[in-house]
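Chemist: The following file, model_30.tsv, comprises TSV, C-alpha atoms:
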```
chain	number	residue	atom	x	y	z
A	694	MET	CA	0.00	0.00	0.00
A	695	PHE	CA	2.82	2.40	0.89
A	696	ALA	CA	6.00	2.83	-1.10
A	697	PRO	CA	8.98	4.00	0.98
A	698	GLY	CA	10.83	6.99	-0.38
A	699	GLY	CA	14.09	6.33	1.43
A	700	SER	CA	15.57	7.74	4.59
A	701	CYS	CA	18.77	9.54	5.45
A	702	ARG	CA	20.75	9.96	8.62
A	703	SER	CA	23.79	12.10	7.89
A	704	ALA	CA	24.17	14.88	10.47
A	705	GLY	CA	26.93	16.61	8.55
A	706	ALA	CA	24.93	17.86	5.56
A	707	GLU	CA	24.47	21.57	4.98
A	708	TRP	CA	21.19	22.82	6.43
A	709	ARG	CA	19.39	25.68	4.69
A	710	SER	CA	15.66	25.36	4.58
A	711	GLY	CA	14.91	23.90	8.01
A	712	MET	CA	12.79	20.96	9.06
A	713	THR	CA	9.78	20.44	6.84
A	714	PHE	CA	7.06	17.82	6.61
A	715	SER	CA	4.41	17.79	3.92
A	716	VAL	CA	1.63	15.84	2.29
A	717	VAL	CA	0.92	16.05	-1.44
A	718	GLY	CA	-2.47	14.70	-2.45
A	719	PHE	CA	-4.99	14.16	-5.23
A	720	ASP	CA	-8.78	13.92	-5.04
A	721	SER	CA	-10.36	12.22	-8.03
A	722	GLY	CA	-13.90	13.13	-7.02
A	723	SER	CA	-13.36	16.87	-7.20
A	724	GLY	CA	-10.42	16.89	-9.61
A	725	SER	CA	-8.17	18.62	-7.07
A	726	TRP	CA	-4.49	18.55	-6.20
A	727	GLY	CA	-3.18	19.93	-2.94
A	728	ILE	CA	-0.32	20.27	-0.48
A	729	ALA	CA	-0.23	20.85	3.27
A	730	VAL	CA	3.15	21.64	4.81
A	731	ALA	CA	4.68	22.76	8.11
A	732	SER	CA	8.22	23.76	9.03
A	733	LYS	CA	10.59	25.44	11.45
A	734	PHE	CA	11.18	27.97	8.70
A	735	LEU	CA	9.71	31.41	8.00
A	736	ALA	CA	6.84	31.36	5.45
A	737	VAL	CA	7.23	27.78	4.26
A	738	GLY	CA	4.21	28.33	2.00
A	739	ALA	CA	6.34	30.60	-0.18
A	740	VAL	CA	8.86	27.82	-0.86
A	741	VAL	CA	7.55	24.25	-0.74
A	742	PRO	CA	4.10	23.90	-2.39
A	743	TRP	CA	3.61	24.05	-6.16
A	744	GLY	CA	0.64	22.85	-8.16
A	745	ARG	CA	-1.41	23.17	-11.33
A	746	ALA	CA	-4.95	22.01	-12.00
A	747	GLY	CA	-4.97	19.12	-14.46
A	748	ALA	CA	-1.22	18.52	-14.11
A	749	GLY	CA	-0.31	17.68	-10.53
A	750	ALA	CA	1.55	19.01	-7.50
A	751	VAL	CA	5.15	19.18	-6.29
A	752	ALA	CA	6.61	19.73	-2.82
A	753	THR	CA	10.28	20.73	-2.86
A	754	GLN	CA	12.04	20.80	0.53
A	755	ALA	CA	15.12	19.96	2.65
A	756	MET	CA	17.84	22.01	0.91
A	757	ALA	CA	15.02	23.11	-1.34
A	758	GLU	CA	15.63	23.72	-5.02
A	759	LEU	CA	12.84	26.13	-5.93
A	760	SER	CA	13.18	25.42	-9.65
A	761	PHE	CA	11.87	21.90	-8.93
A	762	GLY	CA	8.45	23.54	-8.49
A	763	PRO	CA	7.87	25.17	-11.88
A	764	ASP	CA	10.07	22.69	-13.73
A	765	GLY	CA	8.25	19.78	-12.15
A	766	LEU	CA	4.88	21.20	-13.11
A	767	GLU	CA	5.99	21.56	-16.71
A	768	LEU	CA	7.09	17.94	-16.74
A	769	LEU	CA	3.78	16.88	-15.23
A	770	ALA	CA	1.85	18.92	-17.81
A	771	GLU	CA	3.75	17.04	-20.53
A	772	GLY	CA	2.31	13.78	-19.20
A	773	ASN	CA	5.24	12.44	-17.18
A	774	THR	CA	4.47	10.25	-14.19
A	775	ALA	CA	5.39	11.31	-10.66
A	776	GLU	CA	8.34	8.90	-10.63
A	777	GLN	CA	9.55	10.14	-14.01
A	778	VAL	CA	9.37	13.75	-12.83
A	779	ILE	CA	11.45	13.02	-9.75
A	780	ALA	CA	13.97	11.06	-11.80
A	781	GLN	CA	14.38	13.93	-14.26
A	782	LEU	CA	14.58	16.65	-11.62
A	783	THR	CA	17.09	14.87	-9.42
A	784	GLY	CA	19.02	13.29	-12.28
A	785	ARG	CA	20.29	16.66	-13.47
A	786	ASP	CA	20.95	18.08	-10.00
A	787	ASP	CA	24.43	17.78	-8.49
A	788	GLU	CA	22.98	18.55	-5.05
A	789	ARG	CA	20.26	15.91	-5.25
A	790	GLU	CA	21.45	14.08	-2.13
A	791	HIS	CA	20.49	17.19	-0.12
A	792	ARG	CA	17.01	17.41	-1.68
A	793	GLN	CA	13.61	16.06	-0.75
A	794	VAL	CA	10.70	16.01	-3.20
A	795	GLY	CA	7.13	14.75	-3.16
A	796	VAL	CA	5.05	14.56	-6.36
A	797	VAL	CA	1.53	13.51	-7.31
A	798	ASP	CA	0.83	13.45	-11.04
A	799	SER	CA	-2.23	14.04	-13.20
A	800	GLN	CA	-3.48	10.49	-12.63
A	801	GLY	CA	-2.99	10.65	-8.87
A	802	ARG	CA	0.14	8.52	-8.75
A	803	GLY	CA	2.40	9.49	-5.86
A	804	ALA	CA	6.19	9.34	-5.54
A	805	THR	CA	8.70	10.71	-3.06
A	806	PHE	CA	12.48	11.14	-2.94
A	807	THR	CA	14.84	11.77	-0.02
A	808	GLY	CA	18.53	12.35	-0.69
A	809	ASP	CA	21.09	10.45	1.37
A	810	SER	CA	22.57	13.65	2.80
A	811	CYS	CA	19.37	15.08	4.26
A	812	LEU	CA	19.33	15.61	8.01
A	813	ASP	CA	18.17	12.88	10.37
A	814	TRP	CA	15.41	11.83	10.58
A	815	ALA	CA	14.31	12.15	6.99
A	816	GLY	CA	12.26	10.00	4.66
A	817	GLY	CA	8.92	9.57	2.96
A	818	MET	CA	6.11	7.26	1.93
A	819	ALA	CA	3.94	7.31	-1.18
A	820	GLY	CA	0.92	5.51	-2.56
A	821	ASP	CA	-2.11	5.97	-4.75
A	822	GLY	CA	-3.16	9.61	-4.50
A	823	PHE	CA	-0.52	10.85	-2.04
A	824	ALA	CA	3.10	11.38	-1.07
A	825	VAL	CA	4.26	12.31	2.44
A	826	GLN	CA	7.80	13.29	3.37
A	827	GLY	CA	9.80	15.12	5.99
A	828	ASN	CA	13.29	15.94	7.19
A	829	ILE	CA	14.82	16.81	10.57
A	830	LEU	CA	11.92	14.97	12.19
A	831	VAL	CA	11.75	13.33	15.60
A	832	GLY	CA	11.51	9.97	13.85
A	833	PRO	CA	9.80	7.84	11.20
A	834	GLN	CA	6.56	7.85	13.20
A	835	VAL	CA	5.82	11.32	11.80
A	836	VAL	CA	5.47	10.29	8.15
A	837	ALA	CA	3.87	6.99	9.20
A	838	ALA	CA	1.16	8.86	11.10
A	839	MET	CA	0.60	11.16	8.12
A	840	ALA	CA	0.26	8.27	5.66
A	841	GLU	CA	-2.07	6.33	7.95
A	842	THR	CA	-4.26	9.37	8.54
A	843	TRP	CA	-4.45	10.10	4.82
A	844	GLN	CA	-5.66	6.58	4.16
A	845	SER	CA	-8.12	6.50	7.06
A	846	THR	CA	-9.82	9.78	6.07
A	847	ALA	CA	-10.80	8.69	2.56
A	848	GLY	CA	-14.19	10.21	1.80
A	849	ASP	CA	-13.63	13.34	3.86
A	850	PRO	CA	-13.43	16.72	2.09
A	851	PHE	CA	-10.07	16.93	0.33
A	852	GLU	CA	-8.75	19.98	2.16
A	853	ARG	CA	-9.70	18.37	5.48
A	854	ARG	CA	-7.78	15.21	4.56
A	855	LEU	CA	-4.68	17.28	3.83
A	856	LEU	CA	-4.99	19.16	7.09
A	857	ALA	CA	-5.71	15.96	9.04
A	858	ALA	CA	-2.55	14.32	7.69
A	859	LEU	CA	-0.46	17.38	8.51
A	860	THR	CA	-1.97	17.55	12.00
A	861	ALA	CA	-1.20	13.87	12.55
A	862	GLY	CA	2.45	14.50	11.72
A	863	ASP	CA	2.54	17.46	14.07
A	864	ARG	CA	0.92	15.45	16.88
A	865	ALA	CA	3.36	12.58	16.30
A	866	GLY	CA	6.23	14.89	17.19
A	867	GLY	CA	6.80	16.69	13.91
A	868	ASP	CA	10.07	18.53	13.69
A	869	ARG	CA	12.81	18.23	16.26
A	870	ARG	CA	13.64	21.95	16.11
A	871	GLY	CA	10.25	23.47	16.87
A	872	ARG	CA	7.37	25.07	14.98
A	873	GLN	CA	7.09	28.26	12.94
A	874	SER	CA	5.01	28.16	9.77
A	875	ALA	CA	2.46	26.12	7.83
A	876	ALA	CA	0.49	26.33	4.59
A	877	LEU	CA	-2.37	24.70	2.72
A	878	ARG	CA	-2.84	25.05	-1.03
A	879	VAL	CA	-5.40	23.36	-3.30
A	880	TRP	CA	-5.69	23.65	-7.08
A	881	ARG	CA	-8.88	22.88	-9.01
A	882	GLU	CA	-10.00	24.16	-12.39
A	883	GLY	CA	-11.91	27.45	-12.13
A	884	ALA	CA	-12.12	27.22	-8.34
A	885	ALA	CA	-10.74	30.62	-7.38
A	886	TYR	CA	-12.95	33.48	-6.21
A	887	GLY	CA	-14.76	34.68	-9.33
A	888	GLY	CA	-13.80	31.53	-11.27
A	889	ALA	CA	-10.95	33.01	-13.31
A	890	LEU	CA	-8.08	31.05	-11.72
A	891	ASP	CA	-7.49	27.49	-10.53
A	892	ILE	CA	-6.43	28.24	-6.94
A	893	ALA	CA	-9.14	26.82	-4.71
A	894	ILE	CA	-7.37	27.38	-1.37
A	895	ASP	CA	-4.21	29.34	-0.57
A	896	LEU	CA	-3.74	29.71	3.19
A	897	ARG	CA	-0.47	30.57	4.91
A	898	VAL	CA	0.66	30.92	8.49
A	899	ASP	CA	4.08	32.51	8.11
A	900	ASP	CA	5.22	32.86	11.74
A	901	HIS	CA	3.24	31.44	14.68
A	902	PRO	CA	3.97	29.38	17.82
A	903	THR	CA	1.38	26.74	16.79
A	904	PRO	CA	1.12	27.13	13.02
A	905	VAL	CA	-0.79	23.91	12.27
A	906	ASP	CA	-3.53	24.82	14.76
A	907	GLU	CA	-3.68	28.32	13.31
A	908	LEU	CA	-3.94	26.86	9.82
A	909	ALA	CA	-6.97	24.87	10.98
A	910	ARG	CA	-8.59	28.08	12.23
A	911	LEU	CA	-7.98	29.76	8.88
A	912	LEU	CA	-9.47	26.82	7.02
A	913	ASP	CA	-12.62	27.13	9.15
A	914	LEU	CA	-12.85	30.79	8.15
A	915	HIS	CA	-12.24	29.93	4.50
A	916	GLU	CA	-15.15	27.49	4.62
A	917	LEU	CA	-17.35	30.08	6.33
A	918	TYR	CA	-16.70	32.79	3.75
A	919	PHE	CA	-16.21	30.81	0.56
A	920	GLY	CA	-17.99	27.50	1.14
A	921	LYS	CA	-21.00	26.73	-1.02
A	922	PRO	CA	-24.37	26.29	0.74
A	923	ASP	CA	-25.87	22.83	0.96
A	924	PRO	CA	-28.93	22.93	-1.35
A	925	ALA	CA	-30.80	20.55	0.97
A	926	SER	CA	-30.44	22.93	3.91
A	927	LEU	CA	-31.57	26.15	2.20
A	928	LEU	CA	-34.53	27.91	3.81
A	929	PRO	CA	-37.29	29.65	1.78
A	930	LEU	CA	-36.84	33.37	2.39
A	931	GLU	CA	-40.50	34.14	2.99
A	932	GLY	CA	-43.09	34.60	5.73
A	933	ALA	CA	-41.81	34.75	9.29
A	934	LEU	CA	-38.22	34.16	8.23
A	935	ALA	CA	-38.27	37.06	5.78
A	936	THR	CA	-39.71	39.31	8.50
A	937	GLU	CA	-37.02	38.23	10.97
A	938	VAL	CA	-34.25	38.81	8.45
A	939	ALA	CA	-35.55	42.30	7.65
A	940	THR	CA	-35.72	43.13	11.36
A	941	LEU	CA	-32.19	41.87	11.98
A	942	LEU	CA	-30.84	43.84	9.05
A	943	GLU	CA	-32.63	46.98	10.23
A	944	THR	CA	-31.02	46.52	13.64
A	945	LEU	CA	-27.67	46.61	11.88
A	946	GLY	CA	-28.61	49.71	9.87
A	947	TYR	CA	-29.51	48.06	6.56
A	948	THR	CA	-32.95	49.16	5.35
A	949	THR	CA	-32.81	49.24	1.54
A	950	THR	CA	-34.54	46.70	-0.69
A	951	ASP	CA	-31.21	44.97	-1.25
A	952	ALA	CA	-30.26	45.08	2.42
A	953	LEU	CA	-29.37	41.38	2.65
A	954	GLU	CA	-27.11	41.51	-0.40
A	955	THR	CA	-25.43	44.68	0.85
A	956	TRP	CA	-24.83	43.28	4.34
A	957	ALA	CA	-23.56	39.98	2.94
A	958	SER	CA	-21.12	41.80	0.66
A	959	VAL	CA	-19.81	43.91	3.53
A	960	GLU	CA	-19.33	40.83	5.71
A	961	ASN	CA	-17.97	38.64	2.87
A	962	TYR	CA	-20.82	36.12	2.75
A	963	GLU	CA	-21.87	36.83	-0.83
A	964	GLU	CA	-20.69	33.42	-2.02
A	965	ARG	CA	-23.40	31.88	0.18
A	966	LEU	CA	-26.32	33.90	-1.19
A	967	VAL	CA	-29.02	32.09	-3.18
A	968	PRO	CA	-31.92	34.08	-4.70
A	969	GLY	CA	-35.14	33.51	-2.80
A	970	LYS	CA	-33.51	31.28	-0.20
A	971	LEU	CA	-31.27	31.62	2.82
A	972	ASP	CA	-28.29	29.57	3.87
A	973	PRO	CA	-28.60	28.60	7.57
A	974	VAL	CA	-24.93	29.55	7.96
A	975	VAL	CA	-25.73	33.09	6.83
A	976	LEU	CA	-28.78	33.22	9.10
A	977	HIS	CA	-26.67	32.22	12.08
A	978	GLN	CA	-24.07	34.89	11.30
A	979	LEU	CA	-26.79	37.52	10.81
A	980	ARG	CA	-28.44	36.69	14.12
A	981	GLN	CA	-25.08	36.77	15.88
A	982	ALA	CA	-24.18	40.12	14.33
A	983	ALA	CA	-27.52	41.68	15.29
A	984	ASN	CA	-27.26	40.40	18.85
A	985	THR	CA	-23.76	41.80	19.30
A	986	GLY	CA	-24.43	45.02	17.39
A	987	HIS	CA	-21.85	44.47	14.67
```
Give the structure from the file, written as structure tokens.

Modeler:
Amino acid sequence: MFAPGGSCRSAGAEWRSGMTFSVVGFDSGSGSWGIAVASKFLAVGAVVPWGRAGAGAVATQAMAELSFGPDGLELLAEGNTAEQVIAQLTGRDDEREHRQVGVVDSQGRGATFTGDSCLDWAGGMAGDGFAVQGNILVGPQVVAAMAETWQSTAGDPFERRLLAALTAGDRAGGDRRGRQSAALRVWREGAAYGGALDIAIDLRVDDHPTPVDELARLLDLHELYFGKPDPASLLPLEGALATEVATLLETLGYTTTDALETWASVENYEERLVPGKLDPVVLHQLRQAANTGH
């Protein structure tokens, strides 16, 4: 089920990019690729995660070679498998023994590479739909916990699976140097705000004492503001409910005919509006705002 990506135990290698552990994943149901990563390194989200809808995703870490990101995506877009991409990237790199790379390709095949000169403990595991890897970890239990969690959460929302795997690695001991930053990125065709780009989620915690926990808080907010309402839960905006909504909006100072739309735009809930109906999530937020006066 899991394919080992190697491990390395040399303590004499040059250290540049700090401890990092990451999960690269694919979700066939939604057609999404994503990466969750944490590190004792400032703004790890600016370095490790790279992806492209329809092509795949690449995590480049350890003594990270940033060109592995865009170059790897080009190779993936050309139809190369995850293993072929890693072979080509590392094959032309004289510093490959200091690198660590995780790749999931367009078909969801995962592969991971850990150079022999990465800092102890370092290694990875890969399987269908995922690759997990880390360096300067407390031990192999970190990537094992991540892989097991990824497998056990099949069926959960994709971004939650990524976060769950990252959290499992953090709870298993994570890095042996401490915590600093984390990031979660998901790519899906036309998924960005407004539909023009393919970036579904792009959340970063650049410097925080508990970055994985903070990342979870940000994901909750992302779901609140940008999540789509469940059609089965929508309430007809009529009768007593319409009267209540109008009263709540008036309490907040919104009295025009488009008061709900205006308030929702101000508070960033416009993605949850449905003509003639009301998302219970929006109703809850409206009631809470009216009760607190803001």

Chemist: Between atom CA of Arg878 of chain A and atom CA of Ala815 of chain A, what is the distance, to one decimal in Å?

Modeler: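 Rounded to one decimal, the two atoms are 22.9 Å apart.
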
Chemist: Check the smallest atom-to-atom distance from each of A:Leu912, A:Phe714, A:Asp895, A:Glu943 to Val835 of chain A using all atoms listed in the file, then report the winner.

Modeler: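 Ranking A:Leu912, A:Phe714, A:Asp895, A:Glu943 by distance to Val835 of chain A, first place goes to A:Phe714.
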
Chemist: Pick from A:Ser721, A:Glu758, A:Ile892, A:Met712: nearest to Gly848 of chain A, with all atoms listed in the file counted?

Modeler: A:Ser721

Chemist: Report as an MDAnalysis selection string all protein, DNA and RNA residues lying within 12 Å of Gly817 of chain A, evaluated on all atoms listed in the file, omitting residues in the same chain fewer than 3 positions from it.

Modeler: chainID A and resid 695:701 713:717 752 754 793:796 803:808 811 814 820 823:828 830 832:840 862

Chemist: State, in Å with one decimal place, the distance from atom CA of Tyr918 of chain A to atom CA of Leu979 of chain A.

Modeler: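 Distance between the two atoms: 13.2 Å.
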
Chemist: Between atom CA of Ala775 of chain A and atom CA of Ala731 of chain A, what is the distance, to one decimal in Å?

Modeler: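 One can read the atom CA of Ala775 of chain A to atom CA of Ala731 of chain A distance as 22.0 Å.
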
Chemist: Fewer than 3 positions away in the same chain doesn't count, so skip those; otherwise give me all residues within 12 Å of Ser723 of chain A, counting only C-alpha atoms, as a count of residues only.

Modeler: 18

Chemist: Identify which of the residues A:Glu771, A:His791, A:Asp786, A:Ala780 lies closest to Met756 of chain A, counting all atoms listed in the file when measuring atom-to-atom distances.

Modeler: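 Looking at the shortest contact to Met756 of chain A, the residue is A:His791.
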